[in-house]
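Have a look at my_file_23.txt; it's compact mmCIF, C-alpha atoms:
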# COMPACT_ATOMS: atom_id res chain seq x y z
CA MET W 1 5.72 4.59 -6.85
CA ASN W 2 7.97 7.44 -5.70
CA MET W 3 10.94 5.14 -6.14
CA ILE W 4 9.87 4.18 -9.66
CA PHE W 5 9.50 7.85 -10.67
CA ALA W 6 12.93 8.64 -9.21
CA GLU W 7 14.52 5.84 -11.21
CA TYR W 8 12.73 6.98 -14.36
CA LEU W 9 13.94 10.54 -13.82
CA LEU W 10 17.55 9.45 -13.32
CA LEU W 11 17.50 7.06 -16.28
CA SER W 12 15.95 9.57 -18.67
CA SER W 13 18.45 12.25 -17.59
CA LEU W 14 21.39 9.91 -18.23
CA VAL W 15 20.05 8.78 -21.60
CA LEU W 16 19.34 12.31 -22.76
CA GLY W 17 22.60 13.69 -21.42
CA VAL W 18 20.80 16.51 -19.58
CA GLN W 19 21.06 17.67 -15.99
CA LEU W 20 17.46 18.76 -15.55
CA PHE W 21 15.94 17.67 -12.25
CA LEU W 22 12.56 18.54 -10.78
CA HIS W 23 12.16 18.87 -7.03
CA GLN W 24 8.99 19.24 -4.95
CA THR W 25 9.85 20.51 -1.47
CA GLN W 26 6.33 20.04 -0.02
CA ARG W 27 6.26 16.39 0.99
CA ILE W 28 2.74 16.68 2.44
CA GLN W 29 0.01 19.30 2.65
CA PHE W 30 -3.32 19.29 4.53
CA VAL W 31 -6.23 21.40 3.33
CA GLU W 32 -9.91 21.59 4.22
CA VAL W 33 -12.67 20.75 1.77
CA SER W 34 -13.56 23.68 -0.56
CA ASP W 35 -10.28 25.49 0.19
CA ASN W 36 -7.58 26.27 -2.38
CA ALA W 37 -4.24 24.48 -2.61
CA LYS W 38 -0.87 25.31 -4.19
CA ILE W 39 1.76 22.72 -5.07
CA HIS W 40 5.24 23.92 -6.04
CA CYS W 41 7.85 22.40 -8.34
CA SER W 42 11.37 23.77 -8.89
CA SER W 43 13.87 22.96 -11.63
CA THR W 44 17.63 23.05 -12.07
CA GLU W 45 17.18 24.42 -15.60
CA ASN W 46 15.03 27.01 -17.39
CA LEU W 47 11.48 25.69 -17.90
CA GLU W 48 10.96 27.76 -21.06
CA GLY W 49 7.77 29.45 -19.91
CA GLY W 50 6.20 26.23 -18.71
CA SER W 51 4.88 25.20 -22.13
CA SER W 52 6.27 21.67 -21.64
CA MET W 53 5.09 21.26 -18.04
CA PHE W 54 2.49 18.71 -16.98
CA TRP W 55 0.90 17.74 -13.67
CA TYR W 56 -0.07 14.18 -12.75
CA LEU W 57 -2.23 12.90 -9.88
CA ARG W 58 -1.93 9.42 -8.40
CA ARG W 59 -4.84 8.50 -6.17
CA GLU W 60 -4.39 5.71 -3.65
CA GLY W 61 -4.41 2.35 -5.41
CA GLU W 62 -4.50 3.87 -8.92
CA LYS W 63 -2.03 4.72 -11.67
CA PRO W 64 -0.97 8.35 -12.23
CA THR W 65 -3.20 10.32 -14.60
CA CYS W 66 -2.47 13.65 -16.30
CA ILE W 67 -4.75 16.34 -14.86
CA LYS W 68 -3.16 19.47 -16.33
CA ARG W 69 -1.07 20.46 -19.33
CA CYS W 70 0.26 23.91 -18.58
CA LEU W 71 0.27 24.91 -22.24
CA ASP W 72 -3.54 24.87 -22.14
CA ASP W 73 -4.47 27.82 -19.92
CA GLN W 74 -8.04 28.13 -21.16
CA ASN W 75 -9.52 25.69 -18.64
CA VAL W 76 -8.50 27.41 -15.42
CA SER W 77 -11.70 26.86 -13.46
CA LYS W 78 -10.17 23.98 -11.50
CA PHE W 79 -6.42 23.75 -12.19
CA ALA W 80 -4.11 26.62 -13.10
CA CYS W 81 -0.35 26.79 -13.75
CA LYS W 82 1.81 29.67 -12.58
CA HIS W 83 5.35 29.90 -13.95
CA GLU W 84 8.67 31.44 -13.11
CA THR W 85 12.04 30.87 -14.73
CA HIS W 86 12.97 27.83 -12.66
CA SER W 87 9.66 26.85 -11.07
CA SER W 88 6.06 25.96 -11.71
CA THR W 89 3.09 26.03 -9.33
CA LEU W 90 -0.16 24.12 -9.66
CA GLU W 91 -3.12 25.99 -8.15
CA ILE W 92 -6.21 23.95 -7.29
CA SER W 93 -9.43 25.75 -6.45
CA ASN W 94 -12.32 24.35 -4.41
CA VAL W 95 -10.53 21.08 -3.58
CA GLN W 96 -12.59 18.00 -2.76
CA LYS W 97 -11.79 14.77 -0.90
CA THR W 98 -11.61 12.88 -4.20
CA GLU W 99 -8.62 15.04 -5.12
CA SER W 100 -6.47 13.66 -2.30
CA GLY W 101 -3.37 11.89 -3.54
CA ILE W 102 0.20 12.43 -4.71
CA TYR W 103 0.81 15.19 -7.25
CA TYR W 104 3.80 14.97 -9.60
CA CYS W 105 5.14 17.72 -11.83
CA ALA W 106 6.58 16.55 -15.14
CA TYR W 107 8.62 18.19 -17.88
CA ARG W 108 8.64 16.99 -21.49
CA TYR W 109 12.08 16.87 -23.05
CA SER W 110 12.01 15.56 -26.62
CA SER W 111 9.84 12.43 -26.35
CA TYR W 112 10.61 11.85 -22.65
CA LEU W 113 8.91 12.95 -19.44
CA ILE W 114 11.02 13.86 -16.42
CA PHE W 115 9.10 13.69 -13.13
CA GLY W 116 9.41 15.35 -9.76
CA ASN W 117 9.51 13.46 -6.47
CA GLY W 118 5.84 14.08 -5.64
CA SER W 119 3.80 16.02 -3.07
CA THR W 120 0.98 14.44 -1.05
CA LEU W 121 -2.25 16.41 -0.72
CA ILE W 122 -4.75 15.33 1.95
CA VAL W 123 -8.16 16.97 1.76
CA GLY W 124 -10.42 16.98 4.82
CA ASP W 125 -10.39 14.25 7.48
CA SER W 126 -9.34 10.70 6.60
CA TYR W 127 -10.46 9.27 9.97
CA THR W 128 -13.69 7.22 10.14
CA ASN W 129 -15.53 5.38 12.91
CA THR W 130 -13.87 2.13 11.78
CA SER W 131 -10.29 3.46 11.78
CA TRP W 132 -7.58 1.86 13.90
CA VAL W 133 -3.78 1.62 13.93
CA MET W 134 -1.69 -1.48 14.67
CA LEU W 135 2.02 -2.29 14.58
CA LEU W 136 3.38 -5.50 13.05
CA VAL W 137 6.84 -6.31 14.36
CA PRO W 138 9.24 -9.22 13.79
CA PHE W 139 8.80 -12.28 15.97
CA PRO W 140 11.69 -12.58 18.47
CA HIS W 141 14.55 -14.64 16.99
CA GLY W 142 16.51 -15.33 20.14
CA SER W 143 20.15 -14.37 19.70
CA GLN W 144 19.88 -13.42 16.01
CA VAL W 145 21.51 -10.00 15.47
CA THR W 146 22.23 -10.08 11.73
CA GLY W 147 20.04 -9.42 8.73
CA THR W 148 17.11 -7.02 8.38
CA ALA W 149 14.02 -6.46 10.49
CA ASN W 150 10.76 -5.34 8.84
CA LEU W 151 8.26 -3.29 10.85
CA ALA W 152 4.84 -2.34 9.51
CA CYS W 153 2.26 0.21 10.59
CA VAL W 154 -1.25 -0.84 9.57
CA ILE W 155 -3.88 1.90 9.27
CA HIS W 156 -7.31 0.40 8.75
CA GLY W 157 -10.60 1.94 7.64
CA VAL W 158 -9.56 5.38 6.37
CA SER W 159 -11.35 7.31 3.64
CA SER W 160 -8.26 8.85 2.01
CA PRO W 161 -4.45 8.99 2.42
CA VAL W 162 -2.85 9.79 5.78
CA HIS W 163 0.59 11.02 6.82
CA VAL W 164 2.77 8.32 8.40
CA SER W 165 6.12 9.02 10.05
CA TRP W 166 8.55 6.76 11.94
CA SER W 167 10.95 7.59 14.73
CA VAL W 168 13.51 5.51 16.62
CA SER W 169 14.00 6.72 20.18
CA GLY W 170 12.81 10.17 19.14
CA GLU W 171 14.93 10.40 15.97
CA LEU W 172 12.91 10.75 12.75
CA GLN W 173 13.52 8.13 10.06
CA GLU W 174 13.14 8.12 6.30
CA GLN W 175 9.57 7.75 5.05
CA GLY W 176 8.39 4.17 4.82
CA LEU W 177 6.95 2.50 1.74
CA THR W 178 3.13 2.54 1.70
CA ARG W 179 0.89 -0.06 0.09
CA SER W 180 -2.87 0.01 0.02
CA LEU W 181 -5.82 -2.37 0.09
CA LYS W 182 -9.23 -1.11 -0.96
CA ALA W 183 -12.35 -2.68 0.57
CA LYS W 184 -15.70 -3.12 -1.19
CA ASP W 185 -17.15 -0.18 0.74
CA GLY W 186 -14.38 2.08 -0.63
CA SER W 187 -12.44 2.35 2.64
CA LEU W 188 -8.68 1.89 2.61
CA THR W 189 -6.23 -0.15 4.63
CA LEU W 190 -2.73 1.29 4.38
CA ILE W 191 0.42 -0.65 5.25
CA ASN W 192 3.51 1.51 5.75
CA HIS W 193 6.68 -0.46 6.43
CA ILE W 194 10.33 0.24 7.13
CA SER W 195 13.39 -1.99 7.16
CA VAL W 196 16.12 -1.58 9.76
CA PRO W 197 19.25 -3.58 10.61
CA MET W 198 18.49 -6.44 12.98
CA ASP W 199 20.98 -5.13 15.56
CA THR W 200 19.10 -1.79 15.59
CA TRP W 201 15.81 -3.59 16.25
CA THR W 202 17.28 -5.77 19.02
CA SER W 203 19.12 -2.86 20.67
CA GLY W 204 16.13 -1.99 22.86
CA LYS W 205 15.37 1.32 21.16
CA ASN W 206 11.82 2.60 21.03
CA PHE W 207 10.15 2.43 17.60
CA THR W 208 7.17 4.76 17.08
CA CYS W 209 4.72 5.02 14.20
CA GLU W 210 2.82 8.33 14.10
CA VAL W 211 -0.30 8.70 11.94
CA LYS W 212 -1.88 12.06 11.15
CA PHE W 213 -5.39 12.00 9.67
CA ASN W 214 -6.10 15.73 9.22
CA SER W 215 -4.69 19.21 9.69
CA SER W 216 -6.26 20.02 13.05
CA GLY W 217 -6.72 16.79 14.98
CA ASN W 218 -4.21 15.02 17.21
CA SER W 219 -2.06 12.32 15.67
CA VAL W 220 -2.16 8.67 16.72
CA LYS W 221 1.12 7.20 18.02
CA THR W 222 1.88 3.52 18.51
CA SER W 223 5.21 2.42 19.97
CA THR W 224 7.07 -0.81 20.61
CA ARG W 225 10.53 -2.14 21.32
CA TYR W 226 12.30 -5.48 21.12
CA PRO W 227 10.96 -7.64 23.98
CA ALA W 228 14.26 -8.46 25.63
CA ALA W 229 15.84 -7.01 28.77
CA PRO W 230 19.63 -6.61 29.05
CA ALA W 231 21.30 -9.36 31.06
CA ARG W 232 23.09 -6.92 33.38
CA GLU W 233 19.83 -5.46 34.63
CA CYS W 234 18.56 -8.92 35.56
CA SER W 235 21.68 -10.23 37.31
CA HIS W 236 20.57 -9.21 40.82
CA TYR W 237 17.29 -11.10 40.34
CA ILE W 238 18.97 -14.47 39.72
CA VAL W 239 18.93 -15.73 43.34
CA PRO W 240 15.29 -14.79 44.09
CA LEU W 241 14.19 -16.23 40.76
CA ALA W 242 16.05 -19.47 41.41
CA ALA W 243 14.38 -19.80 44.81
CA GLY W 244 11.01 -19.04 43.32
CA ALA W 245 11.58 -21.57 40.53
CA GLY W 246 12.42 -24.27 43.07
CA LEU W 247 9.28 -23.53 45.07
CA LEU W 248 7.19 -23.55 41.91
CA LEU W 249 8.67 -26.93 40.91
CA LEU W 250 7.73 -28.35 44.32
CA VAL W 251 4.16 -27.06 44.03
CA VAL W 252 3.80 -28.48 40.52
CA SER W 253 5.13 -31.88 41.65
CA LEU W 254 2.65 -32.04 44.53
CA SER W 255 -0.13 -30.98 42.19
CA LEU W 256 0.69 -33.82 39.81
CA VAL W 257 0.68 -36.35 42.66
CA TRP W 258 -2.64 -34.94 43.87
CA THR W 259 -4.15 -35.19 40.37
CA LEU W 260 -2.84 -38.63 39.41
CA CYS W 261 -3.00 -40.34 42.81
CA PRO W 262 -5.66 -38.58 44.89
CA SER W 263 -6.39 -41.62 47.04
CA ALA W 264 -2.80 -41.67 48.30
CA LEU W 265 -3.27 -38.21 49.80
CA GLY W 266 -6.89 -38.67 50.85
CA PHE W 267 -8.31 -36.03 48.47
CA GLN W 268 -10.55 -36.12 45.42
CA PRO W 269 -9.18 -34.58 42.24
CA ARG W 270 -10.51 -31.24 41.08
CA VAL W 271 -11.26 -30.24 37.49
CA SER W 272 -8.56 -27.90 36.21
CA ALA W 273 -9.58 -24.50 34.86
CA PRO W 274 -9.17 -24.02 31.08
CA PRO W 275 -5.94 -22.30 30.04
CA ALA W 276 -6.17 -18.57 29.43
CA SER W 277 -6.33 -17.58 25.77
CA GLU W 278 -3.65 -15.37 24.28
CA GLU W 279 -4.65 -11.86 23.24
CA ASN W 280 -2.92 -9.02 21.42
CA GLN W 281 -2.18 -6.18 23.79
CA ASP W 282 -1.49 -2.48 23.23
CA GLY W 283 -2.02 -2.75 19.48
CA ILE W 284 1.15 -4.85 19.00
CA LEU W 285 1.12 -8.03 16.93
CA TYR W 286 4.15 -10.28 16.43
CA ALA W 287 4.43 -11.77 12.96
CA HIS W 288 6.87 -12.99 10.38
CA LEU W 289 7.05 -10.09 7.90
CA ASP W 290 8.15 -10.53 4.30
CA PHE W 291 7.86 -7.48 2.05
CA ASP W 292 8.86 -6.91 -1.55
CA SER W 293 11.74 -4.45 -2.01
CA ARG W 294 9.47 -1.83 -3.58
CA ASN W 295 5.94 -1.08 -4.70
CA ARG W 296 5.60 -2.22 -8.30
CA ASP W 297 3.20 -0.30 -10.57
CA GLY W 298 1.35 1.07 -7.55
CA ARG W 299 -0.29 -2.31 -6.97
CA THR W 300 -1.38 -3.56 -3.59
CA MET W 301 0.94 -5.60 -1.42
CA GLN W 302 1.47 -9.19 -2.52
CA ARG W 303 2.52 -10.62 0.86
CA LEU W 304 1.42 -9.15 4.17
CA ALA W 305 2.57 -11.42 6.98
CA ARG W 306 3.30 -15.10 7.01
CA GLY W 307 1.51 -16.99 9.72
CA LYS W 308 -0.91 -14.16 10.46
CA HIS W 309 -3.83 -12.88 8.43
CA VAL W 310 -5.12 -9.33 8.71
CA LYS W 311 -8.61 -8.69 7.40
CA ALA W 312 -9.17 -5.41 5.55
Since I need it in another form, could you write the structure as structure tokens?
Amino acid sequence: MNMIFAEYLLLSSLVLGVQLFLHQTQRIQFVEVSDNAKIHCSSTENLEGGSSMFWYLRREGEKPTCIKRCLDDQNVSKFACKHETHSSTLEISNVQKTESGIYYCAYRYSSYLIFGNGSTLIVGDSYTNTSWVMLLVPFPHGSQVTGTANLACVIHGVSSPVHVSWSVSGELQEQGLTRSLKAKDGSLTLINHISVPMDTWTSGKNFTCEVKFNSSGNSVKTSTRYPAAPARECSHYIVPLAAGAGLLLLVVSLSLVWTLCPSALGFQPRVSAPPASEENQDGILYAHLDFDSRNRDGRTMQRLARGKHVKA
């Protein structure tokens, strides 16, 4: 949705022949329930007293709705607009959890609306007793080093939006694209994904997804890296591994003879133990990921992961 608003802003500016841009520097803000919140919006041009300013709220999984027209200052019990020459501030009193979401400032020019880039407001604690975080990473492709790798951070069972950030070996990355699934009980499953060059993913760097649920609690971090060790580090293990492989082959051969021809060795065959089942470990799941290029109309994700199914 942020990308759609940015495209709309650029297109409308080009069509109108104006250089008016709105910028919201607060990417995210945490507040407690019943506190007050302020969201700022700055402009490259004079806002003419704010009479053409609007504020929109997009709740998770919904379309943006207009919550305040700054020309109407009579209803200031909940939302109030404060203006300066090149800025506008939305003041929200007694905020509630239902008012969590992304706030956009908008300026009406002729019959067009020019939007800001959005500020996320998180009210209270989004964590619940059913919340968990899992990483979805590309399945290893052997020697493939070209193309794009998609990584997703799945946050399940939250009551409202959360703050998700990615880092690669300690270096912060651009914000990922978030999509949401809403369960019947009202809880949310958020999928935040990033795309990186395949050679970056296979380079052995550490990829970390950090999720923050509230203003005071500790964040949850989940990390992974491409499951391949450099050949140079393994070179001095070649001889011991070869010897071990030969011994293992001998043991397996004798075991087969014992199982198929027990009378030849004078033993009775034993019943083999069932093979151990595979389990996901450390919150990492390998999957084939296929994401759309952007979030259209704020709708939920169309394709999650091929070959794997994640229940909301």
Inset, instruction - Please check which residues have atoms at most 9 Å from (9.2, 1.0, 13.3) in the file's coordinates, counting only C-alpha atoms, and write them as a list in words. - result: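 Collected hits near the coordinates: Leu135, Leu136, Val137, Asn150, Leu151, Ala152, Cys153, Trp166, Ser167, Val168, Gln173, His193, Ile194, Ser195, Val196, Trp201, Asn206, Phe207, Thr208, Cys209, Ser223, Thr224 and Arg225 of chain W.
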Legend entry - Counting only C-alpha atoms, the residue of W:Ile155, W:Tyr127, W:Thr200, W:Thr25 that sits nearest Arg179 (chain W): W:Ile155
For the interface of region 79-168 of chain W with region 48-57 of chain W (cut-off 6 Å, counting all atoms listed in the file), please tabulate each contacting residue of region 79-168 of chain W alongside its nearest pair of atoms and their separation in Å to one decimal, rows sorted by chain and increasing number, as a Markdown table.
| residue | atom | partner | partner_atom | distance |
| --- | --- | --- | --- | --- |
| W:Ile102 | CA | W:Leu57 | CA | 5.7 |
| W:Tyr103 | CA | W:Leu57 | CA | 4.6 |
| W:Tyr104 | CA | W:Tyr56 | CA | 5.1 |
| W:Cys105 | CA | W:Trp55 | CA | 4.6 |
| W:Ala106 | CA | W:Phe54 | CA | 5.0 |
| W:Tyr107 | CA | W:Met53 | CA | 4.7 |
| W:Arg108 | CA | W:Ser52 | CA | 5.2 |
Can I get the selected residues back with C-alpha atoms, as a PDB file, in the frame of the given file?
ATOM      1  CA  ILE W 102       0.200  12.430  -4.710  1.00  0.00           C
ATOM      2  CA  TYR W 103       0.810  15.190  -7.250  1.00  0.00           C
ATOM      3  CA  TYR W 104       3.800  14.970  -9.600  1.00  0.00           C
ATOM      4  CA  CYS W 105       5.140  17.720 -11.830  1.00  0.00           C
ATOM      5  CA  ALA W 106       6.580  16.550 -15.140  1.00  0.00           C
ATOM      6  CA  TYR W 107       8.620  18.190 -17.880  1.00  0.00           C
ATOM      7  CA  ARG W 108       8.640  16.990 -21.490  1.00  0.00           C
TER       8      ARG W 108
END
Inset, instruction - Select, from W:Ser160, W:Thr146, W:Ser43, W:Ser77, the residue with the minimum atom-to-atom distance to Ser100 (chain W), counting all atoms listed in the file. - result: W:Ser160
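What separates CA of Leu177 (chain W) from CA of Glu32 (chain W) is a distance of 25.6 Å.
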Legend entry - Contact residues around Arg59 (chain W) with only C-alpha atoms at 12 Å, ignoring same-chain residues under 2 positions, as a ChimeraX atom specification: /W:1,56-57,61-67,97-104,119-122,159-161,180,182,188,298-299
